[in-house]
Amino acid sequence: MPLYEHVFLARQDVTAQQVEELTTRFKGVIEANGGSVGKTEYWGVKSLTYRINKNRKAHFTLLNIDAPAAAIQELERQQRIDEDVLRILTLRVEEHEEGQSAMLQKRDRDDRGERGDRGDRGDRGDRGFGGREDRPRRPRPSEESHGGEEEV
């Protein structure tokens, strides 16, 4: 059977428990149509790049699915009907990734405080540029000359 990676976004005002119930219900749709769900990952609530139906954040969930195309069509139909699901994305893949997805690896790395491949930039104040002390001092409004004679 074909392999799929399926991600759905649920509204931010539903609870994590309700997202788990949605995931369980969608797994049941796949299994009822002759497929199986290998792995599920809850990625948490993340900010959206742009608003979707007046929502700025959403719950992200990944499903690794091994199912016929008819099961995927039924899953997507059910999700389009559900008002808690904002967006869906299904990709056919040659094989599923082993272990955690890149999203969970990134979250774990961020939790430990690592900076990734950008390197540790640290505070730039030690390089001698960009600090406040390097800027020329601007005169205050009371110190500015008005081009004429000063009043006595």
# chains A, B, ... in the order shown; residues from 1 in each chain; ligands from 1

call {"tool": "residues_around", "arguments": {"residues": "segment 53-55 of chain A", "least_positions_apart": "3", "cutoff": "10 Å", "atoms": "only C-alpha atoms", "output": "VMD selection string"}}
result
chain A and resid 10 to 13 47 to 48 50 58 86

call {"tool": "write_last_selection", "arguments": {"atoms": "C-alpha atoms", "output": "PDB file, in the first residue's frame"}}
result
ATOM      1  CA  ALA A  10      -6.701  22.346  14.478  1.00  0.00           C
ATOM      2  CA  ARG A  11      -8.045  25.613  15.868  1.00  0.00           C
ATOM      3  CA  GLN A  12      -6.119  27.052  18.804  1.00  0.00           C
ATOM      4  CA  ASP A  13      -9.174  27.346  21.054  1.00  0.00           C
ATOM      5  CA  SER A  47       1.982  30.578  15.322  1.00  0.00           C
ATOM      6  CA  LEU A  48       0.706  30.721  11.770  1.00  0.00           C
ATOM      7  CA  TYR A  50      -0.929  34.358   8.214  1.00  0.00           C
ATOM      8  CA  ALA A  58      -3.064  26.276  15.565  1.00  0.00           C
ATOM      9  CA  LEU A  86      -8.249  24.576   9.684  1.00  0.00           C
TER      10      LEU A  86
END

call {"tool": "atom_distance", "arguments": {"atom1": "atom CA of His59 of chain A", "atom2": "atom CA of Met1 of chain A"}}
result
28.5 Å

call {"tool": "atom_distance", "arguments": {"atom1": "atom CA of Asp84 of chain A", "atom2": "atom CA of Thr15 of chain A"}}
result
10.8 Å

call {"tool": "closest_residue", "arguments": {"among": "A:Ala102, A:Ala67, A:Leu89, A:Ile81", "to": "Glu31 of chain A", "atoms": "only C-alpha atoms"}}
result
A:Ala67

call {"tool": "residues_around", "arguments": {"residues": "segment 23-30 of chain A", "least_positions_apart": "5", "cutoff": "7 Å", "atoms": "only C-alpha atoms", "output": "list of chain:residue names"}}
result
A:Gly35, A:Ser36, A:Val37, A:Ala71, A:Leu75

call {"tool": "write_last_selection", "arguments": {"atoms": "C-alpha atoms", "output": "PDB file, in the first residue's frame"}}
result
ATOM      1  CA  GLY A  35      -5.206   1.293   6.313  1.00  0.00           C
ATOM      2  CA  SER A  36      -3.003   1.752   9.342  1.00  0.00           C
ATOM      3  CA  VAL A  37      -1.399   4.675  11.141  1.00  0.00           C
ATOM      4  CA  ALA A  71      -8.943   5.801   2.778  1.00  0.00           C
ATOM      5  CA  LEU A  75     -10.044  11.068   5.766  1.00  0.00           C
TER       6      LEU A  75
END

call {"tool": "select_by_dssp", "arguments": {"residues": "segment 1-117 of chain A", "states": "strand (DSSP E)", "output": "number ranges by chain"}}
result
A: 3-11, 36-52, 55-66, 85-93

call {"tool": "write_last_selection", "arguments": {"atoms": "N, CA and C atoms", "output": "CSV table (one decimal), in the first residue's frame"}}
result
chain,number,residue,atom,x,y,z
A,3,LEU,N,2.4,4.9,1.0
A,3,LEU,CA,2.7,5.6,2.3
A,3,LEU,C,2.4,7.1,2.2
A,4,TYR,N,1.9,7.6,3.3
A,4,TYR,CA,1.6,9.1,3.3
A,4,TYR,C,2.0,9.7,4.6
A,5,GLU,N,2.4,11.0,4.5
A,5,GLU,CA,2.6,11.8,5.7
A,5,GLU,C,1.4,12.8,5.6
A,6,HIS,N,0.7,12.9,6.7
A,6,HIS,CA,-0.5,13.7,6.7
A,6,HIS,C,-0.4,14.7,7.9
A,7,VAL,N,-0.5,16.0,7.7
A,7,VAL,CA,-0.5,17.0,8.8
A,7,VAL,C,-1.8,17.7,8.8
A,8,PHE,N,-2.4,17.9,9.9
A,8,PHE,CA,-3.6,18.7,10.0
A,8,PHE,C,-3.4,19.7,11.1
A,9,LEU,N,-4.0,20.9,10.9
A,9,LEU,CA,-4.0,22.0,11.8
A,9,LEU,C,-5.4,22.2,12.4
A,10,ALA,N,-5.4,22.2,13.8
A,10,ALA,CA,-6.7,22.3,14.5
A,10,ALA,C,-6.7,23.7,15.1
A,11,ARG,N,-7.9,24.3,15.3
A,11,ARG,CA,-8.0,25.6,15.9
A,11,ARG,C,-7.3,25.7,17.2
A,36,SER,N,-3.5,1.7,8.0
A,36,SER,CA,-3.0,1.8,9.3
A,36,SER,C,-2.2,3.0,9.5
A,37,VAL,N,-2.2,3.5,10.8
A,37,VAL,CA,-1.4,4.7,11.1
A,37,VAL,C,-0.2,4.2,11.9
A,38,GLY,N,1.0,4.5,11.4
A,38,GLY,CA,2.2,4.0,12.0
A,38,GLY,C,2.7,4.9,13.1
A,39,LYS,N,2.7,6.2,13.0
A,39,LYS,CA,3.2,7.1,14.0
A,39,LYS,C,2.3,8.3,14.0
A,40,THR,N,2.1,8.8,15.2
A,40,THR,CA,1.4,10.1,15.3
A,40,THR,C,2.3,11.0,16.2
A,41,GLU,N,2.4,12.3,15.8
A,41,GLU,CA,3.2,13.2,16.6
A,41,GLU,C,2.4,14.5,16.7
A,42,TYR,N,2.3,14.9,18.0
A,42,TYR,CA,1.6,16.2,18.3
A,42,TYR,C,2.7,17.2,18.4
A,43,TRP,N,2.8,18.2,17.5
A,43,TRP,CA,3.8,19.2,17.5
A,43,TRP,C,3.5,20.4,18.4
A,44,GLY,N,2.3,20.5,18.9
A,44,GLY,CA,2.0,21.6,19.8
A,44,GLY,C,1.3,22.8,19.1
A,45,VAL,N,1.1,23.8,19.8
A,45,VAL,CA,0.5,25.0,19.3
A,45,VAL,C,1.6,25.9,18.7
A,46,LYS,N,1.4,26.3,17.5
A,46,LYS,CA,2.4,27.1,16.8
A,46,LYS,C,1.8,28.3,16.1
A,47,SER,N,2.5,29.4,16.0
A,47,SER,CA,2.0,30.6,15.3
A,47,SER,C,1.9,30.3,13.8
A,48,LEU,N,0.9,30.8,13.2
A,48,LEU,CA,0.7,30.7,11.8
A,48,LEU,C,1.3,31.9,11.1
A,49,THR,N,1.8,31.7,9.9
A,49,THR,CA,2.4,32.8,9.1
A,49,THR,C,1.4,33.9,8.8
A,50,TYR,N,0.2,33.4,8.5
A,50,TYR,CA,-0.9,34.4,8.2
A,50,TYR,C,-2.2,33.8,8.9
A,51,ARG,N,-3.2,34.7,9.1
A,51,ARG,CA,-4.4,34.2,9.7
A,51,ARG,C,-5.2,33.3,8.8
A,52,ILE,N,-5.7,32.2,9.4
A,52,ILE,CA,-6.6,31.3,8.7
A,52,ILE,C,-7.9,31.3,9.5
A,55,ASN,N,-7.8,32.8,12.9
A,55,ASN,CA,-7.0,32.2,13.9
A,55,ASN,C,-5.5,32.5,13.6
A,56,ARG,N,-4.8,32.9,14.6
A,56,ARG,CA,-3.4,33.2,14.5
A,56,ARG,C,-2.5,32.1,14.9
A,57,LYS,N,-3.0,31.1,15.6
A,57,LYS,CA,-2.2,29.9,16.1
A,57,LYS,C,-3.1,28.7,15.8
A,58,ALA,N,-2.4,27.5,15.8
A,58,ALA,CA,-3.1,26.3,15.6
A,58,ALA,C,-2.3,25.1,16.2
A,59,HIS,N,-3.0,24.0,16.5
A,59,HIS,CA,-2.4,22.8,17.0
A,59,HIS,C,-2.0,22.0,15.7
A,60,PHE,N,-0.7,21.6,15.7
A,60,PHE,CA,-0.2,20.8,14.6
A,60,PHE,C,-0.1,19.4,14.9
A,61,THR,N,-0.5,18.5,14.1
A,61,THR,CA,-0.4,17.0,14.3
A,61,THR,C,0.0,16.3,13.0
A,62,LEU,N,1.0,15.4,13.1
A,62,LEU,CA,1.5,14.6,12.0
A,62,LEU,C,1.0,13.1,12.2
A,63,LEU,N,0.5,12.5,11.1
A,63,LEU,CA,0.2,11.1,11.0
A,63,LEU,C,1.0,10.5,9.9
A,64,ASN,N,1.7,9.4,10.2
A,64,ASN,CA,2.3,8.6,9.2
A,64,ASN,C,1.3,7.4,8.8
A,65,ILE,N,0.9,7.4,7.6
A,65,ILE,CA,-0.2,6.5,7.2
A,65,ILE,C,0.2,5.6,6.1
A,66,ASP,N,-0.2,4.3,6.3
A,66,ASP,CA,-0.1,3.3,5.3
A,66,ASP,C,-1.5,2.8,4.9
A,85,VAL,N,-10.9,21.7,12.2
A,85,VAL,CA,-9.7,21.5,11.4
A,85,VAL,C,-9.6,22.7,10.4
A,86,LEU,N,-8.5,23.4,10.5
A,86,LEU,CA,-8.2,24.6,9.7
A,86,LEU,C,-7.7,24.2,8.3
A,87,ARG,N,-6.6,23.4,8.3
A,87,ARG,CA,-5.9,23.0,7.1
A,87,ARG,C,-5.4,21.6,7.2
A,88,ILE,N,-5.3,21.0,6.0
A,88,ILE,CA,-4.7,19.6,5.9
A,88,ILE,C,-3.7,19.6,4.8
A,89,LEU,N,-2.7,18.7,4.9
A,89,LEU,CA,-1.7,18.5,3.9
A,89,LEU,C,-1.4,17.0,3.9
A,90,THR,N,-1.5,16.4,2.8
A,90,THR,CA,-1.2,15.0,2.6
A,90,THR,C,-0.1,14.8,1.5
A,91,LEU,N,1.0,14.2,1.9
A,91,LEU,CA,2.0,13.9,0.9
A,91,LEU,C,2.3,12.4,0.8
A,92,ARG,N,2.4,12.0,-0.4
A,92,ARG,CA,2.8,10.6,-0.7
A,92,ARG,C,4.3,10.5,-0.6
A,93,VAL,N,4.8,9.5,0.2
A,93,VAL,CA,6.3,9.4,0.3
A,93,VAL,C,6.7,8.0,0.0

call {"tool": "select_by_dssp", "arguments": {"residues": "segment 35-94 of chain A", "states": "helix (DSSP H, G or I)", "output": "ChimeraX atom specification"}}
result
/A:69-81

call {"tool": "write_last_selection", "arguments": {"atoms": "N, CA and C atoms", "output": "PDB file, in the first residue's frame"}}
result
ATOM      1  N   ALA A  69      -5.603   4.759  -1.418  1.00  0.00           N
ATOM      2  CA  ALA A  69      -5.999   6.128  -1.746  1.00  0.00           C
ATOM      3  C   ALA A  69      -7.432   6.435  -1.307  1.00  0.00           C
ATOM      4  N   ALA A  70      -8.317   5.448  -1.354  1.00  0.00           N
ATOM      5  CA  ALA A  70      -9.706   5.667  -0.953  1.00  0.00           C
ATOM      6  C   ALA A  70      -9.801   6.050   0.527  1.00  0.00           C
ATOM      7  N   ALA A  71      -8.936   5.469   1.348  1.00  0.00           N
ATOM      8  CA  ALA A  71      -8.943   5.801   2.778  1.00  0.00           C
ATOM      9  C   ALA A  71      -8.491   7.242   2.995  1.00  0.00           C
ATOM     10  N   ILE A  72      -7.510   7.681   2.234  1.00  0.00           N
ATOM     11  CA  ILE A  72      -7.030   9.061   2.343  1.00  0.00           C
ATOM     12  C   ILE A  72      -8.109  10.033   1.882  1.00  0.00           C
ATOM     13  N   GLN A  73      -8.808   9.693   0.819  1.00  0.00           N
ATOM     14  CA  GLN A  73      -9.886  10.557   0.333  1.00  0.00           C
ATOM     15  C   GLN A  73     -10.988  10.687   1.378  1.00  0.00           C
ATOM     16  N   GLU A  74     -11.334   9.592   2.034  1.00  0.00           N
ATOM     17  CA  GLU A  74     -12.365   9.637   3.073  1.00  0.00           C
ATOM     18  C   GLU A  74     -11.883  10.455   4.274  1.00  0.00           C
ATOM     19  N   LEU A  75     -10.613  10.290   4.665  1.00  0.00           N
ATOM     20  CA  LEU A  75     -10.044  11.068   5.766  1.00  0.00           C
ATOM     21  C   LEU A  75     -10.116  12.561   5.457  1.00  0.00           C
ATOM     22  N   GLU A  76      -9.688  12.949   4.272  1.00  0.00           N
ATOM     23  CA  GLU A  76      -9.706  14.362   3.898  1.00  0.00           C
ATOM     24  C   GLU A  76     -11.139  14.898   3.822  1.00  0.00           C
ATOM     25  N   ARG A  77     -12.075  14.077   3.369  1.00  0.00           N
ATOM     26  CA  ARG A  77     -13.477  14.494   3.320  1.00  0.00           C
ATOM     27  C   ARG A  77     -13.997  14.767   4.727  1.00  0.00           C
ATOM     28  N   GLN A  78     -13.689  13.861   5.663  1.00  0.00           N
ATOM     29  CA  GLN A  78     -14.108  14.035   7.064  1.00  0.00           C
ATOM     30  C   GLN A  78     -13.482  15.298   7.668  1.00  0.00           C
ATOM     31  N   GLN A  79     -12.235  15.553   7.347  1.00  0.00           N
ATOM     32  CA  GLN A  79     -11.561  16.714   7.915  1.00  0.00           C
ATOM     33  C   GLN A  79     -12.089  18.021   7.331  1.00  0.00           C
ATOM     34  N   ARG A  80     -12.475  18.019   6.062  1.00  0.00           N
ATOM     35  CA  ARG A  80     -13.055  19.233   5.474  1.00  0.00           C
ATOM     36  C   ARG A  80     -14.404  19.559   6.105  1.00  0.00           C
ATOM     37  N   ILE A  81     -15.124  18.546   6.554  1.00  0.00           N
ATOM     38  CA  ILE A  81     -16.418  18.753   7.201  1.00  0.00           C
ATOM     39  C   ILE A  81     -16.243  19.300   8.617  1.00  0.00           C
TER      40      ILE A  81
END

call {"tool": "atom_distance", "arguments": {"atom1": "atom CA of Leu104 of chain A", "atom2": "atom CA of Pro2 of chain A"}}
result
24.3 Å
